[in-house]
Amino acid sequence: MILDAERPSQHEENACNAVRQAQMRWRMLHQKDLSAKHYYRSMLAGKRRCGGSTVTRHHYFKHSRAFLWFLLCNMVVALPPAQSQLLINVQNQGGEVIQESITPNIGEDLITLEFQKTDGTLITQVIDFRNEVQILKALVLGEEERGQSQYQVMCFATKFNKGDFISSAAMAKLRQKNPHTIRTPEEDKGRETFTMSSWVQLNRSLPITRHLQGLCAEATDATYVRGVDLKAWAALPGSSISSLEAATEKFPDTLSTRCNEVSSLWAPCLCTLETCIGWYPCGLKYCKGKGTQGADSSGAQQQQQQQTNYRCGIKTCRKCTQFTYYVRQKQQCLWDE
């Protein structure tokens, strides 16, 4: 896994700049010859002249093609950068290989990580760097023989610490030398537990992040948040605890029974859901190099060796997350038995 030193379109832009400069130089040198009056006069005289010399009939066509390249380069460089997606083959702790897709969006300052577990559960993790929000969406296949629907969707919104994942800009520069390689993380960050305290009302979730309502549209009654995270978001510029709390509804205070301790499928209980992100870029690596700079007392440039640091790779991690949250029926938490 490598980190590009420049953005992927840089080479194309450099080539286009060279085409632009060559075209402009040619047009400036031949400004007189390109005027309509001079061009048609030379054609009527039966001679094609350019820059004081007689030229073939292909001369102007050749440079008109160069002008077309000039126009094409302007169009290509003006296009917005495409979102780059990495497909990573990851070996989980059970020895099975799953494929993760990681997609950065620099314009929105987002990263989306998605994969399907071997039991069919689809996990989507969205990191909103601007609002410091992390959303984990789980689509769990239902057990139809036990009266469940085909699937159910849960969403968990938590406070994101910016140092836990590389930025969307750095993510967009990542490239794989060997896309078919099976990756294993360098560090296991263990398990982090979250005890959720409230439901999120999706139609009022804008103060948390505008991405929550669209991503979790199928989890209208199953999107969860913690009170401690609401207080942390309230401290951010432009936010307030009143607008955040207005987007949530607290769980009943009296319930403390775990679903694996409840016998009735229709009784409320506290459910637990655990998922693991088997591989993700959790930091940047810096290498040391030597640069030259400095000046002597007379002002003349003097070369001096100086050590510099530059980004040369990424650090990769694995992390598990366990969520505990309220469900109105044990039927919504059959895996926790």
# chains A, B, ... in the order shown; residues from 1 in each chain; ligands from 1
$ residues_around --residues "Ile135 of chain A" --least-positions-apart "5" --cutoff "6 Å" --atoms "only C-alpha atoms" --output "PyMOL selection string"
chain A and resi 125-126+156-157
$ select_by_dssp --residues "segment 133-201 of chain A" --states "strand (DSSP E)" --output "PyMOL selection string"
chain A and resi 133-141+151-159+174-175+182-183+187-195+198-200
$ select_by_dssp --residues "segment 37-282 of chain A" --states "alpha helix (DSSP H)" --output "ChimeraX atom specification"
/A:37-44,59-78,168-172,211-215,227-234,241-245
$ residues_around --residues "Thr184 of chain A" --least-positions-apart "4" --cutoff "7 Å" --atoms "only C-alpha atoms" --output "PDB file with N, CA and C atoms, in the first residue's frame"
ATOM      1  N   VAL A  90      -9.275  -8.759   2.992  1.00  0.00           N
ATOM      2  CA  VAL A  90      -8.909  -8.781   4.412  1.00  0.00           C
ATOM      3  C   VAL A  90      -9.177 -10.165   4.989  1.00  0.00           C
ATOM      4  N   GLN A  91      -8.220 -10.664   5.739  1.00  0.00           N
ATOM      5  CA  GLN A  91      -8.399 -11.948   6.422  1.00  0.00           C
ATOM      6  C   GLN A  91      -8.867 -11.682   7.848  1.00  0.00           C
ATOM      7  N   TRP A 279      -9.711  -4.253   8.865  1.00  0.00           N
ATOM      8  CA  TRP A 279      -8.543  -3.543   8.317  1.00  0.00           C
ATOM      9  C   TRP A 279      -8.977  -2.134   7.942  1.00  0.00           C
TER      10      TRP A 279
END
$ residues_around --residues "Val327 of chain A" --least-positions-apart "6" --cutoff "7 Å" --atoms "only C-alpha atoms" --output "PDB file with N, CA, C and O atoms, in the first residue's frame"
ATOM      1  N   PRO A 268     -39.587  -6.366  26.028  1.00  0.00           N
ATOM      2  CA  PRO A 268     -38.466  -5.454  25.763  1.00  0.00           C
ATOM      3  C   PRO A 268     -37.217  -5.912  26.501  1.00  0.00           C
ATOM      4  O   PRO A 268     -37.294  -6.582  27.539  1.00  0.00           O
ATOM      5  N   CYS A 269     -36.061  -5.535  25.982  1.00  0.00           N
ATOM      6  CA  CYS A 269     -34.796  -5.935  26.612  1.00  0.00           C
ATOM      7  C   CYS A 269     -33.650  -5.107  26.037  1.00  0.00           C
ATOM      8  O   CYS A 269     -33.832  -4.311  25.106  1.00  0.00           O
ATOM      9  N   LEU A 270     -32.470  -5.297  26.602  1.00  0.00           N
ATOM     10  CA  LEU A 270     -31.255  -4.628  26.117  1.00  0.00           C
ATOM     11  C   LEU A 270     -30.497  -5.585  25.203  1.00  0.00           C
ATOM     12  O   LEU A 270     -30.071  -6.657  25.607  1.00  0.00           O
ATOM     13  N   CYS A 271     -30.340  -5.160  23.953  1.00  0.00           N
ATOM     14  CA  CYS A 271     -29.690  -5.986  22.931  1.00  0.00           C
ATOM     15  C   CYS A 271     -28.216  -5.614  22.810  1.00  0.00           C
ATOM     16  O   CYS A 271     -27.827  -4.465  23.056  1.00  0.00           O
TER      17      CYS A 271
END
$ residues_around --residues "Glu249 of chain A" --least-positions-apart "4" --cutoff "8 Å" --atoms "only C-alpha atoms" --output "list in words"
Ser198, Trp199, Val200, Gln201 and Glu245 of chain A
$ closest_atom_pairs --of "segment 117-144 of chain A" --to "segment 226-244 of chain A" --cutoff "10 Å" --atoms "only C-alpha atoms" --output "CSV"
residue,atom,partner,partner_atom,distance
A:Asn131,CA,A:Trp233,CA,7.8
A:Glu132,CA,A:Trp233,CA,7.7
A:Val133,CA,A:Trp233,CA,8.5
$ residues_around --residues "Cys216 of chain A" --least-positions-apart "3" --cutoff "9 Å" --atoms "only C-alpha atoms" --output "list in words"
Lys137, Val153, Met154, Cys155, Leu202, His211, Leu212, Gln213, Ala219, Thr220, Ala222 and Thr223 of chain A
$ closest_residue --among "A:Leu139, A:Cys317, A:Leu255, A:Ile123" --to "Ala267 of chain A" --atoms "only C-alpha atoms"
A:Leu255
$ closest_residue --among "A:Asn203, A:Glu218, A:Gln150, A:Cys320" --to "Gly120 of chain A" --atoms "only C-alpha atoms"
A:Gln150
$ atom_distance --atom1 "atom CA of Arg258 of chain A" --atom2 "atom CA of Val225 of chain A"
18.6 Å
$ atom_distance --atom1 "atom CA of Glu187 of chain A" --atom2 "atom CA of Asp164 of chain A"
12.5 Å
$ residues_around --residues "Ile106 of chain A" --least-positions-apart "2" --cutoff "8 Å" --atoms "only C-alpha atoms" --output "list of chain:residue names"
A:Gln83, A:Pro104, A:Glu108, A:Asp109, A:Leu110, A:Ser168, A:Ala169, A:Ala172
$ atom_distance --atom1 "atom CA of Gln331 of chain A" --atom2 "atom CA of Thr254 of chain A"
19.8 Å
